[in-house]
$ cat upload34.cif   # mmCIF, C-alpha atoms and all ligand atoms
data_structure
#
loop_
_atom_site.label_atom_id
_atom_site.label_comp_id
_atom_site.auth_asym_id
_atom_site.auth_seq_id
_atom_site.Cartn_x
_atom_site.Cartn_y
_atom_site.Cartn_z
CA MET A 1 3.23 84.37 35.04
CA ASN A 2 1.81 81.17 36.45
CA SER A 3 2.83 77.84 35.03
CA HIS A 4 -0.25 77.65 32.83
CA GLN A 5 0.16 80.84 30.85
CA ARG A 6 2.61 80.55 28.05
CA PRO A 7 4.50 83.67 26.88
CA SER A 8 2.97 84.85 23.63
CA MET A 9 5.02 83.08 21.01
CA THR A 10 4.22 81.42 17.71
CA ARG A 11 3.72 77.67 17.72
CA ARG A 12 6.93 77.30 15.72
CA GLN A 13 8.87 79.29 18.35
CA PHE A 14 7.31 77.15 21.08
CA VAL A 15 8.14 73.87 19.36
CA THR A 16 11.73 75.03 18.67
CA SER A 17 12.27 76.18 22.24
CA SER A 18 10.66 72.97 23.50
CA ALA A 19 13.12 70.95 21.44
CA ALA A 20 15.92 72.91 23.15
CA ALA A 21 14.35 72.16 26.52
CA LEU A 22 14.16 68.46 25.83
CA ALA A 23 13.89 66.89 29.32
CA ALA A 24 15.19 63.54 30.49
CA GLY A 25 12.52 60.88 30.39
CA GLY A 26 11.20 62.13 27.11
CA PHE A 27 8.95 64.88 28.56
CA ILE A 28 9.06 68.52 27.59
CA ARG A 29 9.07 70.91 30.51
CA ASN A 30 7.10 74.08 29.89
CA ALA A 31 8.87 76.10 27.23
CA HIS A 32 9.45 79.02 29.53
CA ALA A 33 10.97 76.85 32.26
CA SER A 34 14.30 78.42 33.18
CA ASP A 35 15.88 75.12 34.22
CA LYS A 36 18.48 73.86 31.78
CA ILE A 37 19.53 70.23 31.41
CA SER A 38 23.11 69.36 32.37
CA PRO A 39 25.24 68.06 29.45
CA ALA A 40 25.52 64.68 31.19
CA LEU A 41 21.75 64.38 31.51
CA GLN A 42 21.26 65.64 27.94
CA GLN A 43 23.21 62.58 26.81
CA THR A 44 20.73 60.31 28.60
CA ALA A 45 17.88 62.49 27.33
CA ARG A 46 18.54 60.90 23.93
CA GLY A 47 17.97 57.39 25.35
CA PRO A 48 17.78 54.52 24.88
CA PHE A 49 14.87 54.63 27.29
CA ARG A 50 13.53 51.48 28.89
CA VAL A 51 9.85 51.11 27.90
CA ILE A 52 6.97 48.63 28.06
CA ILE A 53 4.37 48.91 25.29
CA ASP A 54 0.84 47.89 26.30
CA THR A 55 -1.28 47.45 23.20
CA ASP A 56 -4.47 46.15 21.51
CA PRO A 57 -3.37 45.58 17.87
CA GLY A 58 -5.31 46.98 16.04
CA VAL A 59 -4.29 48.66 12.82
CA ASP A 60 -2.70 51.76 14.33
CA ASP A 61 -1.19 49.72 17.16
CA ALA A 62 0.52 47.46 14.61
CA LEU A 63 2.18 50.39 12.85
CA ALA A 64 3.09 51.91 16.23
CA LEU A 65 4.75 48.64 17.29
CA LEU A 66 6.73 48.52 14.03
CA LEU A 67 7.79 52.17 14.54
CA ALA A 68 8.88 51.43 18.12
CA MET A 69 10.88 48.35 17.09
CA ARG A 70 12.70 50.44 14.46
CA SER A 71 13.58 53.21 16.93
CA PRO A 72 17.00 53.10 18.64
CA GLU A 73 15.83 55.54 21.31
CA LEU A 74 13.72 52.75 22.83
CA LYS A 75 14.85 49.71 24.82
CA ILE A 76 11.59 47.71 24.65
CA GLU A 77 11.61 45.54 27.76
CA ALA A 78 8.24 43.90 26.94
CA ILE A 79 5.11 44.12 24.83
CA THR A 80 1.89 43.37 26.75
CA PRO A 81 -1.24 42.82 24.61
CA VAL A 82 -4.68 43.62 26.07
CA ALA A 83 -8.25 43.12 24.83
CA GLY A 84 -9.58 46.26 23.15
CA ASN A 85 -9.89 46.86 19.43
CA VAL A 86 -10.42 43.12 19.08
CA PRO A 87 -10.45 40.31 21.69
CA LEU A 88 -7.14 39.11 23.21
CA GLU A 89 -7.35 35.99 21.03
CA TRP A 90 -6.47 38.38 18.18
CA THR A 91 -4.42 41.12 19.90
CA LEU A 92 -1.94 38.56 21.27
CA PRO A 93 -1.11 36.83 17.95
CA ASN A 94 -1.13 40.19 16.16
CA ALA A 95 1.53 41.49 18.56
CA LEU A 96 3.56 38.30 18.01
CA ARG A 97 3.19 38.75 14.22
CA MET A 98 4.62 42.31 14.44
CA VAL A 99 7.55 41.14 16.58
CA GLU A 100 8.38 38.45 13.97
CA ILE A 101 8.01 40.83 11.00
CA ALA A 102 10.37 43.30 12.70
CA GLY A 103 12.86 40.51 13.47
CA ARG A 104 12.58 41.37 17.17
CA THR A 105 11.69 38.04 18.76
CA ASP A 106 14.16 39.10 21.48
CA ILE A 107 11.33 41.20 22.96
CA PRO A 108 9.17 39.21 25.42
CA VAL A 109 5.41 39.31 24.77
CA ALA A 110 3.19 38.68 27.81
CA ALA A 111 -0.57 38.12 27.40
CA GLY A 112 -2.77 40.52 29.35
CA ALA A 113 -6.41 40.98 30.23
CA LYS A 114 -9.23 39.39 28.24
CA SER A 115 -11.73 41.91 29.58
CA PRO A 116 -11.90 45.25 31.41
CA LEU A 117 -11.83 45.41 35.22
CA LEU A 118 -15.59 45.80 35.79
CA ARG A 119 -17.26 45.91 32.38
CA ARG A 120 -18.11 43.75 29.40
CA LEU A 121 -15.60 44.12 26.56
CA VAL A 122 -16.72 46.46 23.79
CA THR A 123 -14.48 46.06 20.72
CA ALA A 124 -13.84 48.22 17.63
CA THR A 125 -14.01 45.54 14.94
CA TYR A 126 -16.03 48.06 12.89
CA ALA A 127 -12.81 50.08 12.57
CA HIS A 128 -10.11 47.40 12.68
CA GLY A 129 -11.84 44.44 11.03
CA GLU A 130 -12.55 41.09 12.69
CA ASN A 131 -8.84 40.13 12.72
CA GLY A 132 -7.71 43.52 14.04
CA LEU A 133 -5.47 44.32 11.06
CA GLY A 134 -8.08 45.75 8.75
CA GLY A 135 -8.33 42.40 6.98
CA ALA A 136 -4.60 42.21 6.17
CA VAL A 137 -3.58 38.54 6.49
CA PHE A 138 -0.19 37.41 7.83
CA PRO A 139 1.03 33.88 8.66
CA GLU A 140 0.27 32.40 12.09
CA PRO A 141 3.12 33.46 14.43
CA LYS A 142 5.58 30.76 15.51
CA THR A 143 6.80 32.81 18.48
CA LYS A 144 5.11 32.03 21.82
CA PRO A 145 4.26 34.49 24.59
CA VAL A 146 6.16 34.22 27.90
CA ASN A 147 4.47 32.40 30.80
CA GLN A 148 3.89 35.40 33.08
CA PRO A 149 0.69 37.38 32.66
CA ALA A 150 1.17 40.98 31.52
CA ALA A 151 0.58 42.62 34.91
CA GLU A 152 3.18 40.38 36.60
CA MET A 153 5.63 41.05 33.74
CA ILE A 154 5.14 44.81 34.15
CA ARG A 155 5.66 44.52 37.92
CA GLN A 156 8.85 42.44 37.56
CA ILE A 157 10.45 44.76 34.97
CA VAL A 158 9.63 47.94 36.91
CA ARG A 159 11.07 46.43 40.11
CA LYS A 160 14.17 45.29 38.18
CA PHE A 161 14.78 48.84 36.90
CA PRO A 162 13.25 51.17 39.52
CA GLY A 163 12.77 54.72 38.25
CA GLU A 164 13.89 53.83 34.70
CA VAL A 165 10.84 52.34 32.96
CA THR A 166 8.27 54.40 31.02
CA LEU A 167 4.96 52.68 30.25
CA LEU A 168 3.60 53.34 26.76
CA PRO A 169 -0.06 52.18 26.84
CA ILE A 170 -1.79 52.50 23.44
CA GLY A 171 -4.93 50.53 24.28
CA PRO A 172 -7.32 50.23 27.25
CA LEU A 173 -5.47 50.61 30.57
CA THR A 174 -6.59 47.30 32.14
CA ASN A 175 -3.11 45.74 32.33
CA ILE A 176 -1.54 48.88 33.80
CA ALA A 177 -4.23 49.22 36.47
CA THR A 178 -3.96 45.51 37.30
CA ALA A 179 -0.19 45.86 37.79
CA LEU A 180 -0.69 48.89 40.08
CA ASN A 181 -3.30 46.93 42.08
CA LEU A 182 -0.85 44.00 42.41
CA ASP A 183 1.86 46.08 44.09
CA SER A 184 1.05 49.19 46.13
CA GLU A 185 4.61 50.55 45.77
CA LEU A 186 4.78 50.13 41.98
CA ALA A 187 3.50 53.60 41.02
CA GLY A 188 6.41 55.23 42.86
CA LEU A 189 8.91 53.15 40.87
CA ILE A 190 7.57 53.97 37.37
CA ARG A 191 9.36 56.79 35.53
CA GLY A 192 6.27 57.88 33.60
CA VAL A 193 3.28 56.97 31.45
CA VAL A 194 2.91 58.26 27.89
CA MET A 195 -0.51 57.08 26.76
CA MET A 196 -2.58 57.23 23.64
CA GLY A 197 -5.92 57.89 25.26
CA GLY A 198 -8.53 60.41 26.27
CA SER A 199 -9.69 63.65 24.75
CA LEU A 200 -10.48 67.17 25.92
CA SER A 201 -12.38 67.82 22.69
CA GLY A 202 -15.01 65.12 22.49
CA GLY A 203 -14.90 61.38 21.94
CA ASN A 204 -14.77 58.97 19.01
CA ILE A 205 -16.91 56.09 20.28
CA THR A 206 -19.42 58.31 22.12
CA PRO A 207 -19.60 62.09 21.97
CA ALA A 208 -17.87 62.10 25.38
CA ALA A 209 -15.33 59.26 25.39
CA GLU A 210 -12.23 58.22 23.46
CA PHE A 211 -12.17 54.44 22.83
CA ASN A 212 -9.27 53.36 25.09
CA ILE A 213 -10.72 55.13 28.13
CA TYR A 214 -14.30 54.14 27.17
CA VAL A 215 -13.44 50.40 27.25
CA ASP A 216 -12.11 50.53 30.83
CA PRO A 217 -12.84 53.84 32.62
CA GLU A 218 -12.16 52.34 36.06
CA ALA A 219 -8.67 51.29 34.98
CA ALA A 220 -8.06 54.73 33.50
CA ARG A 221 -9.08 56.46 36.72
CA ILE A 222 -6.63 54.26 38.69
CA VAL A 223 -3.82 55.35 36.34
CA PHE A 224 -4.70 59.07 36.38
CA GLN A 225 -4.96 59.00 40.20
CA SER A 226 -1.72 57.00 40.66
CA GLY A 227 0.68 59.96 40.97
CA ILE A 228 2.81 58.66 38.08
CA PRO A 229 3.92 61.51 35.72
CA ILE A 230 1.46 61.21 32.83
CA THR A 231 1.59 62.53 29.28
CA MET A 232 -1.84 62.20 27.64
CA VAL A 233 -1.72 62.02 23.83
CA GLY A 234 -5.42 62.16 23.04
CA LEU A 235 -7.78 62.79 20.16
CA ASP A 236 -7.04 66.52 20.49
CA VAL A 237 -3.86 65.85 18.50
CA THR A 238 -4.29 62.35 17.04
CA ARG A 239 -7.17 63.61 14.88
CA LYS A 240 -4.41 65.43 12.93
CA THR A 241 -2.64 62.20 11.90
CA SER A 242 -4.61 60.89 8.95
CA LEU A 243 -2.74 58.29 6.88
CA THR A 244 -2.88 59.08 3.15
CA GLU A 245 -2.36 57.28 -0.13
CA ASP A 246 0.93 59.23 -0.49
CA HIS A 247 2.16 57.67 2.74
CA LEU A 248 1.09 54.28 1.39
CA ARG A 249 3.13 54.78 -1.78
CA GLU A 250 6.23 55.60 0.29
CA LEU A 251 5.72 52.42 2.35
CA GLN A 252 5.24 50.34 -0.80
CA ALA A 253 8.56 51.70 -2.10
CA GLY A 254 10.40 50.58 1.03
CA GLN A 255 12.48 47.48 0.24
CA ASN A 256 12.30 45.74 3.64
CA PRO A 257 9.85 43.42 5.47
CA VAL A 258 8.70 46.13 7.91
CA SER A 259 7.85 48.59 5.14
CA GLN A 260 6.09 45.93 3.11
CA ALA A 261 4.04 44.73 6.10
CA ALA A 262 3.18 48.32 7.02
CA ALA A 263 2.09 48.92 3.41
CA THR A 264 -0.14 45.84 3.48
CA ILE A 265 -1.77 46.96 6.74
CA ALA A 266 -2.08 50.56 5.53
CA ARG A 267 -3.58 49.55 2.16
CA ASN A 268 -6.20 47.34 3.81
CA ALA A 269 -6.98 49.96 6.45
CA ILE A 270 -7.38 52.78 3.93
CA GLN A 271 -9.62 50.57 1.79
CA HIS A 272 -11.62 49.57 4.91
CA ASN A 273 -12.09 53.27 5.71
CA ARG A 274 -13.12 54.27 2.17
CA GLU A 275 -15.64 51.40 1.93
CA ARG A 276 -17.29 52.84 5.04
CA GLY A 277 -17.55 56.28 3.54
CA PHE A 278 -14.58 57.92 5.30
CA VAL A 279 -12.70 60.07 2.78
CA VAL A 280 -9.71 60.48 5.12
CA GLY A 281 -7.97 58.26 7.63
CA PRO A 282 -7.32 56.05 9.39
CA ASN A 283 -5.64 58.19 12.01
CA MET A 284 -2.29 57.07 13.40
CA HIS A 285 -3.37 57.57 17.01
CA ASP A 286 -0.95 55.11 18.62
CA SER A 287 2.07 55.95 16.49
CA LEU A 288 1.78 59.56 17.63
CA ALA A 289 2.07 58.53 21.29
CA ILE A 290 5.19 56.50 20.50
CA ALA A 291 6.64 59.27 18.30
CA GLY A 292 5.81 61.90 20.94
CA PHE A 293 7.93 59.96 23.43
CA ILE A 294 10.78 59.48 20.93
CA ASP A 295 10.76 63.19 19.96
CA PRO A 296 8.80 65.32 22.47
CA SER A 297 9.29 68.42 20.31
CA LEU A 298 6.53 67.07 18.05
CA LEU A 299 3.96 67.92 20.72
CA MET A 300 2.82 71.06 22.53
CA LEU A 301 1.97 70.04 26.10
CA LYS A 302 -0.14 71.82 28.74
CA GLU A 303 -0.65 70.87 32.38
CA TYR A 304 -4.15 69.83 33.49
CA TYR A 305 -5.84 68.04 36.34
CA VAL A 306 -7.49 65.18 34.43
CA ASP A 307 -10.16 62.91 35.92
CA VAL A 308 -12.28 60.17 34.37
CA GLU A 309 -16.07 59.85 34.41
CA THR A 310 -16.93 56.32 35.58
CA THR A 311 -20.64 56.51 36.51
CA GLY A 312 -22.21 58.35 33.57
CA GLU A 313 -24.91 56.36 31.77
CA LEU A 314 -23.96 58.20 28.58
CA THR A 315 -20.54 59.69 29.45
CA ALA A 316 -18.51 56.91 31.15
CA GLY A 317 -14.94 57.10 29.82
CA GLU A 318 -14.95 60.87 29.37
CA THR A 319 -11.66 62.53 30.39
CA LEU A 320 -12.28 65.95 31.93
CA GLY A 321 -9.38 68.40 31.94
CA TYR A 322 -9.38 71.18 34.55
CA SER A 323 -7.03 74.10 34.01
CA PRO A 324 -6.92 77.52 35.73
CA SER A 325 -6.47 79.19 32.35
CA ALA A 326 -9.76 77.71 31.08
CA GLY A 327 -11.73 79.70 33.63
CA ASP A 328 -13.67 76.67 34.91
CA LEU A 329 -12.13 76.65 38.39
CA GLN A 330 -13.20 78.66 41.42
CA ARG A 331 -10.95 80.15 44.07
CA ARG A 332 -11.62 78.78 47.53
CA PRO A 333 -13.53 81.35 49.62
CA GLY A 334 -11.08 83.66 51.38
CA THR A 335 -8.30 83.12 48.83
CA GLU A 336 -9.61 85.56 46.21
CA LYS A 337 -6.43 87.66 46.48
CA ASP A 338 -4.13 84.63 46.15
CA THR A 339 -2.91 84.33 42.58
CA SER A 340 -1.59 80.78 43.06
CA ALA A 341 -3.46 78.18 41.06
CA MET A 342 -3.17 75.83 44.03
CA ASN A 343 -6.10 77.50 45.78
CA MET A 344 -8.57 76.70 43.03
CA SER A 345 -11.07 73.96 43.74
CA ILE A 346 -12.18 71.18 41.42
CA ARG A 347 -15.93 70.85 41.04
CA GLY A 348 -17.84 67.68 40.15
CA SER A 349 -21.55 67.28 39.48
CA ALA A 350 -24.15 68.91 41.69
CA PRO A 351 -24.66 66.81 44.85
CA THR A 352 -27.88 64.71 44.89
CA LEU A 353 -30.31 64.69 47.77
CA ALA A 354 -29.70 60.95 48.25
CA GLY A 355 -25.90 61.27 48.19
CA THR A 356 -23.56 62.05 51.09
CA ARG A 357 -21.83 64.99 49.39
CA THR A 358 -23.27 68.43 50.22
CA SER A 359 -20.84 70.46 48.08
CA PRO A 360 -19.98 70.26 44.35
CA VAL A 361 -16.28 70.49 45.28
CA VAL A 362 -14.52 67.13 44.84
CA ARG A 363 -10.96 68.47 45.37
CA ASP A 364 -10.09 71.68 47.19
CA LYS A 365 -6.76 72.30 45.43
CA PHE A 366 -5.75 72.41 41.78
CA ILE A 367 -2.79 70.02 41.50
CA PRO A 368 -2.07 69.02 37.87
CA ASN A 369 -1.66 65.27 37.28
CA ALA A 370 -1.03 65.20 33.53
CA LYS A 371 0.63 66.99 30.64
CA VAL A 372 -1.92 66.94 27.82
CA ALA A 373 -0.86 67.26 24.18
CA VAL A 374 -2.77 70.22 22.76
CA ASP A 375 -1.01 70.57 19.40
CA VAL A 376 1.21 68.55 17.08
CA ASP A 377 3.61 69.12 14.18
CA SER A 378 1.85 66.61 11.91
CA ALA A 379 4.28 66.97 8.99
CA ARG A 380 7.31 66.20 11.17
CA PHE A 381 5.41 63.34 12.79
CA PHE A 382 4.79 61.65 9.45
CA ASN A 383 8.39 62.29 8.38
CA LEU A 384 9.47 60.29 11.43
CA LEU A 385 6.81 57.55 11.11
CA ILE A 386 7.10 56.91 7.37
CA GLY A 387 10.83 57.52 7.36
CA ARG A 388 11.42 54.87 10.02
CA LEU A 389 8.90 52.33 8.69
CA SER A 390 10.18 52.61 5.10
CA GLY A 391 13.80 52.39 6.23
CA LYS A 392 14.73 55.85 4.91
CA GLN A 393 15.62 57.02 8.45
O1 LIG A 401 -9.23 56.06 20.07
C1 LIG A 401 -8.10 55.56 19.42
C2 LIG A 401 -7.53 54.40 20.16
O2 LIG A 401 -8.49 53.35 20.22
C3 LIG A 401 -6.30 53.79 19.48
O3 LIG A 401 -5.45 53.25 20.45
C4 LIG A 401 -6.89 52.70 18.64
O4 LIG A 401 -5.97 51.62 18.42
C5 LIG A 401 -8.00 52.21 19.52
O5 LIG A 401 -7.45 51.30 20.44
CA CA A 402 -4.73 50.96 20.31
#
$ encode --input "upload34.cif" --output "structure tokens" --more "lines below"
Ligand code: RIB
Ligand code: CA
Amino acid sequence: MNSHQRPSMTRRQFVTSSAAALAAGGFIRNAHASDKISPALQQTARGPFRVIIDTDPGVDDALALLLAMRSPELKIEAITPVAGNVPLEWTLPNALRMVEIAGRTDIPVAAGAKSPLLRRLVTATYAHGENGLGGAVFPEPKTKPVNQPAAEMIRQIVRKFPGEVTLLPIGPLTNIATALNLDSELAGLIRGVVMMGGSLSGGNITPAAEFNIYVDPEAARIVFQSGIPITMVGLDVTRKTSLTEDHLRELQAGQNPVSQAAATIARNAIQHNRERGFVVGPNMHDSLAIAGFIDPSLLMLKEYYVDVETTGELTAGETLGYSPSAGDLQRRPGTEKDTSAMNMSIRGSAPTLAGTRTSPVVRDKFIPNAKVAVDVDSARFFNLLIGRLSGKQ
């Protein structure tokens, strides 16, 4: 059985066995992996894990930040706002507001990019409101950001704790790519990336692209090509995380500042959605990425080679997932008898007459670069999210 075929088991069996195979660093190895984790490592597999959260708050970012700051499994070394849902002039103060509401002004906040690497900023104020919090209003933050820019902060923390830091980007990847461009050795020192971003099942801002990748496709390609172990929590699973009025009632019942702030944001966001004709939502995209790192058994992961479209006039920001089991790879001529997935080539678009390429093959080996979340236990996800935000857990 190659590493991409799972033994036939129910999803419940897979999730249970994945929980048992919880790997250090917060990633699930394939459920059928025979390797066990030593007791000593299992202890560290429960954290706390050093993380940096890169974010564009944003309604779902705000709830994700509150979840993260209420989670003992995470040692949040920094929060690095980036332009995305709304301009940086909003994402920065919104991140500072969340840090103050959570009573976590111990966490440094470092301002990041005001615009993508090579493109004009396209925001999502239609979804998050002009102020980024669905219209929910909180006092101006008193806390100030640190002096270093986000990319320098990321570089310093990763170099201070080589091999220990996981990046949790839940917005466009501009800051992460800028940090990697600053320091050519940095990728080899980063433990992993668990991102909210991408989709193998169609976009949400264009039919092809998910918003975070759409805003800065060039930055996303740098991250996917970096060699860092990547877990991609995309629309394939985050579409199954719709916040409901029942969740809102549980947050309203929580007798603490985090629960009350989350309820205010949730109430405004649900109302914002309903006024625009959406009968469900908003989805908790970013909280699922954070929760999937805290408890990897929430997600079913599958290995893909993922690349990012950066030149499409209509499709820039699309994340394409290549997998031998999907039947869209070809064996290299002469290797037809070889069952290894390695000898399968990756095809791009047909070569143009004006271009230099003469073959559609863009890579002659299938080497996976990401674990993509293909299913989620939504009920357990919301138990964790609402339980932690309301203070019940
Ligand atoms: O497509 C969903 C993503 O785009 C989420 O991170 C949301 O906050 C927006 O940034
Ligand atoms: Ca976001």
$ closest_residue --input "upload34.cif" --among "A:Met284, A:Val86, A:Ile52, A:Leu96" --to "Glu130 of chain A" --atoms "all atoms listed in the file"
A:Val86
$ axis_aligned_box --input "upload34.cif" --around "ligand LIG 401 (chain A)" --padding-each-side "3 Å" --output "lines of an AutoDock Vina configuration file"
center_x = -7.3
center_y = 53.7
center_z = 19.4
size_x = 9.8
size_y = 10.8
size_z = 8.0
$ closest_atom_pairs --input "upload34.cif" --of "segment 311-385 of chain A" --to "segment 197-215 of chain A" --cutoff "9 Å" --atoms "only C-alpha atoms" --output "tab-separated table"
residue	atom	partner	partner_atom	distance
A:Leu314	CA	A:Thr206	CA	7.9
A:Thr315	CA	A:Ala208	CA	5.4
A:Ala316	CA	A:Tyr214	CA	6.4
A:Gly317	CA	A:Tyr214	CA	4.0
A:Glu318	CA	A:Ala209	CA	4.3
A:Thr319	CA	A:Gly198	CA	5.6
A:Leu320	CA	A:Leu200	CA	6.4
A:Gly321	CA	A:Leu200	CA	6.2
A:Val372	CA	A:Leu200	CA	8.8
A:Val374	CA	A:Leu200	CA	8.9
$ residues_around --input "upload34.cif" --residues "Thr166 of chain A" --least-positions-apart "6" --cutoff "9 Å" --atoms "all atoms listed in the file" --output "ChimeraX atom specification"
/A:25,49-53,158,190-194
$ atom_distance --input "upload34.cif" --atom1 "atom CA of Thr311 of chain A" --atom2 "atom CA of Pro149 of chain A"
28.9 Å
$ residues_near_ligand --input "upload34.cif" --ligand "ligand LIG 401 (chain A)" --cutoff "7 Å" --atoms "all atoms listed in the file" --output "NGL selection string"
:A and (56-61 or 84-85 or 170-172 or 196-197 or 204 or 210-212 or 235 or 285-286)
$ residues_around --input "upload34.cif" --residues "segment 137-147 of chain A" --least-positions-apart "2" --cutoff "8 Å" --atoms "all atoms listed in the file" --output "PyMOL selection string"
chain A and resi 93+96-97+100+105+108-111+133+135+149
$ closest_residue --input "upload34.cif" --among "A:Ala219, A:Ala269, A:Leu173, A:Leu118" --to "ligand CA 402 (chain A)" --atoms "all atoms listed in the file"
A:Leu173
$ closest_residue --input "upload34.cif" --among "A:Leu117, A:Ala266, A:Ala289, A:Ala150" --to "ligand CA 402 (chain A)" --atoms "only C-alpha atoms and all ligand atoms"
A:Ala289
$ atom_distance --input "upload34.cif" --atom1 "atom CA of Ser390 of chain A" --atom2 "atom CA of Leu74 of chain A"
18.1 Å
$ residues_around --input "upload34.cif" --residues "Arg274 of chain A" --least-positions-apart "6" --cutoff "12 Å" --atoms "only C-alpha atoms" --output "list of chain:residue names"
A:Ala127, A:Gly134, A:Thr244, A:Glu245, A:Arg267, A:Asn268, A:Val280, A:Gly281, A:Pro282
$ residues_around --input "upload34.cif" --residues "Arg347 of chain A" --least-positions-apart "5" --cutoff "6 Å" --atoms "all atoms listed in the file" --output "compact mmCIF listing (two decimals) with C-alpha atoms, keeping the file's coordinate frame"
# COMPACT_ATOMS: atom_id res chain seq x y z
CA PRO A 360 -19.98 70.26 44.35
CA VAL A 361 -16.28 70.49 45.28
CA VAL A 362 -14.52 67.13 44.84
$ closest_residue --input "upload34.cif" --among "A:Ser259, A:Thr91, A:Ser115, A:Thr358" --to "His247 of chain A" --atoms "only C-alpha atoms"
A:Ser259
$ atom_distance --input "upload34.cif" --atom1 "atom CA of Leu167 of chain A" --atom2 "atom CA of Val308 of chain A"
19.2 Å
$ residues_near_point --input "upload34.cif" --point "(0.5, 45.0, 38.5)" --cutoff "9 Å" --atoms "all atoms listed in the file" --output "ChimeraX atom specification"
/A:150-156,175-184,186
$ residues_near_point --input "upload34.cif" --point "(-2.9, 65.5, 13.3)" --cutoff "9 Å" --atoms "all atoms listed in the file" --output "list of chain:residue names"
A:Leu235, A:Asp236, A:Val237, A:Thr238, A:Arg239, A:Lys240, A:Thr241, A:Ser242, A:Asn283, A:Met284, A:His285, A:Leu288, A:Asp375, A:Val376, A:Asp377, A:Ser378, A:Ala379, A:Phe381
$ closest_residue --input "upload34.cif" --among "A:Leu389, A:Ala370, A:Ile157, A:Met195" --to "ligand CA 402 (chain A)" --atoms "all atoms listed in the file"
A:Met195
$ closest_residue --input "upload34.cif" --among "A:Pro169, A:Pro116, A:Pro87, A:Pro72" --to "ligand CA 402 (chain A)" --atoms "all atoms listed in the file"
A:Pro169
$ residues_around --input "upload34.cif" --residues "Gly188 of chain A" --least-positions-apart "6" --cutoff "10 Å" --atoms "all atoms listed in the file" --output "ChimeraX atom specification"
/A:158,162-163,180,226-229
$ decode --input "upload34.cif" --residues "segment 376-388 of chain A" --atoms "N, CA and C atoms" --output "mmCIF file, in the first residue's frame"
data_model
loop_
_atom_site.group_PDB
_atom_site.id
_atom_site.type_symbol
_atom_site.label_atom_id
_atom_site.label_comp_id
_atom_site.auth_asym_id
_atom_site.auth_seq_id
_atom_site.Cartn_x
_atom_site.Cartn_y
_atom_site.Cartn_z
ATOM 1 N N VAL A 376 -13.186 16.904 8.600
ATOM 2 C CA VAL A 376 -13.117 17.500 9.938
ATOM 3 C C VAL A 376 -14.262 16.950 10.782
ATOM 4 N N ASP A 377 -13.999 16.820 12.094
ATOM 5 C CA ASP A 377 -15.047 16.472 13.053
ATOM 6 C C ASP A 377 -15.612 17.797 13.570
ATOM 7 N N SER A 378 -16.608 18.328 12.859
ATOM 8 C CA SER A 378 -17.108 19.686 13.142
ATOM 9 C C SER A 378 -17.664 19.808 14.554
ATOM 10 N N ALA A 379 -18.356 18.764 15.009
ATOM 11 C CA ALA A 379 -18.993 18.839 16.340
ATOM 12 C C ALA A 379 -17.918 18.977 17.415
ATOM 13 N N ARG A 380 -16.842 18.148 17.280
ATOM 14 C CA ARG A 380 -15.781 18.245 18.301
ATOM 15 C C ARG A 380 -15.025 19.562 18.174
ATOM 16 N N PHE A 381 -14.939 20.063 16.948
ATOM 17 C CA PHE A 381 -14.275 21.376 16.772
ATOM 18 C C PHE A 381 -15.032 22.446 17.548
ATOM 19 N N PHE A 382 -16.341 22.509 17.384
ATOM 20 C CA PHE A 382 -17.109 23.554 18.067
ATOM 21 C C PHE A 382 -17.140 23.335 19.581
ATOM 22 N N ASN A 383 -17.090 22.062 20.009
ATOM 23 C CA ASN A 383 -16.976 21.828 21.465
ATOM 24 C C ASN A 383 -15.727 22.513 22.012
ATOM 25 N N LEU A 384 -14.618 22.335 21.267
ATOM 26 C CA LEU A 384 -13.355 22.953 21.704
ATOM 27 C C LEU A 384 -13.444 24.471 21.630
ATOM 28 N N LEU A 385 -13.899 25.004 20.482
ATOM 29 C CA LEU A 385 -13.907 26.464 20.278
ATOM 30 C C LEU A 385 -14.816 27.154 21.300
ATOM 31 N N ILE A 386 -16.067 26.726 21.352
ATOM 32 C CA ILE A 386 -17.031 27.402 22.230
ATOM 33 C C ILE A 386 -16.714 27.096 23.695
ATOM 34 N N GLY A 387 -16.257 25.877 23.940
ATOM 35 C CA GLY A 387 -15.894 25.528 25.313
ATOM 36 C C GLY A 387 -14.780 26.419 25.841
ATOM 37 N N ARG A 388 -13.762 26.646 25.036
ATOM 38 C CA ARG A 388 -12.631 27.478 25.476
ATOM 39 C C ARG A 388 -13.015 28.951 25.533
#
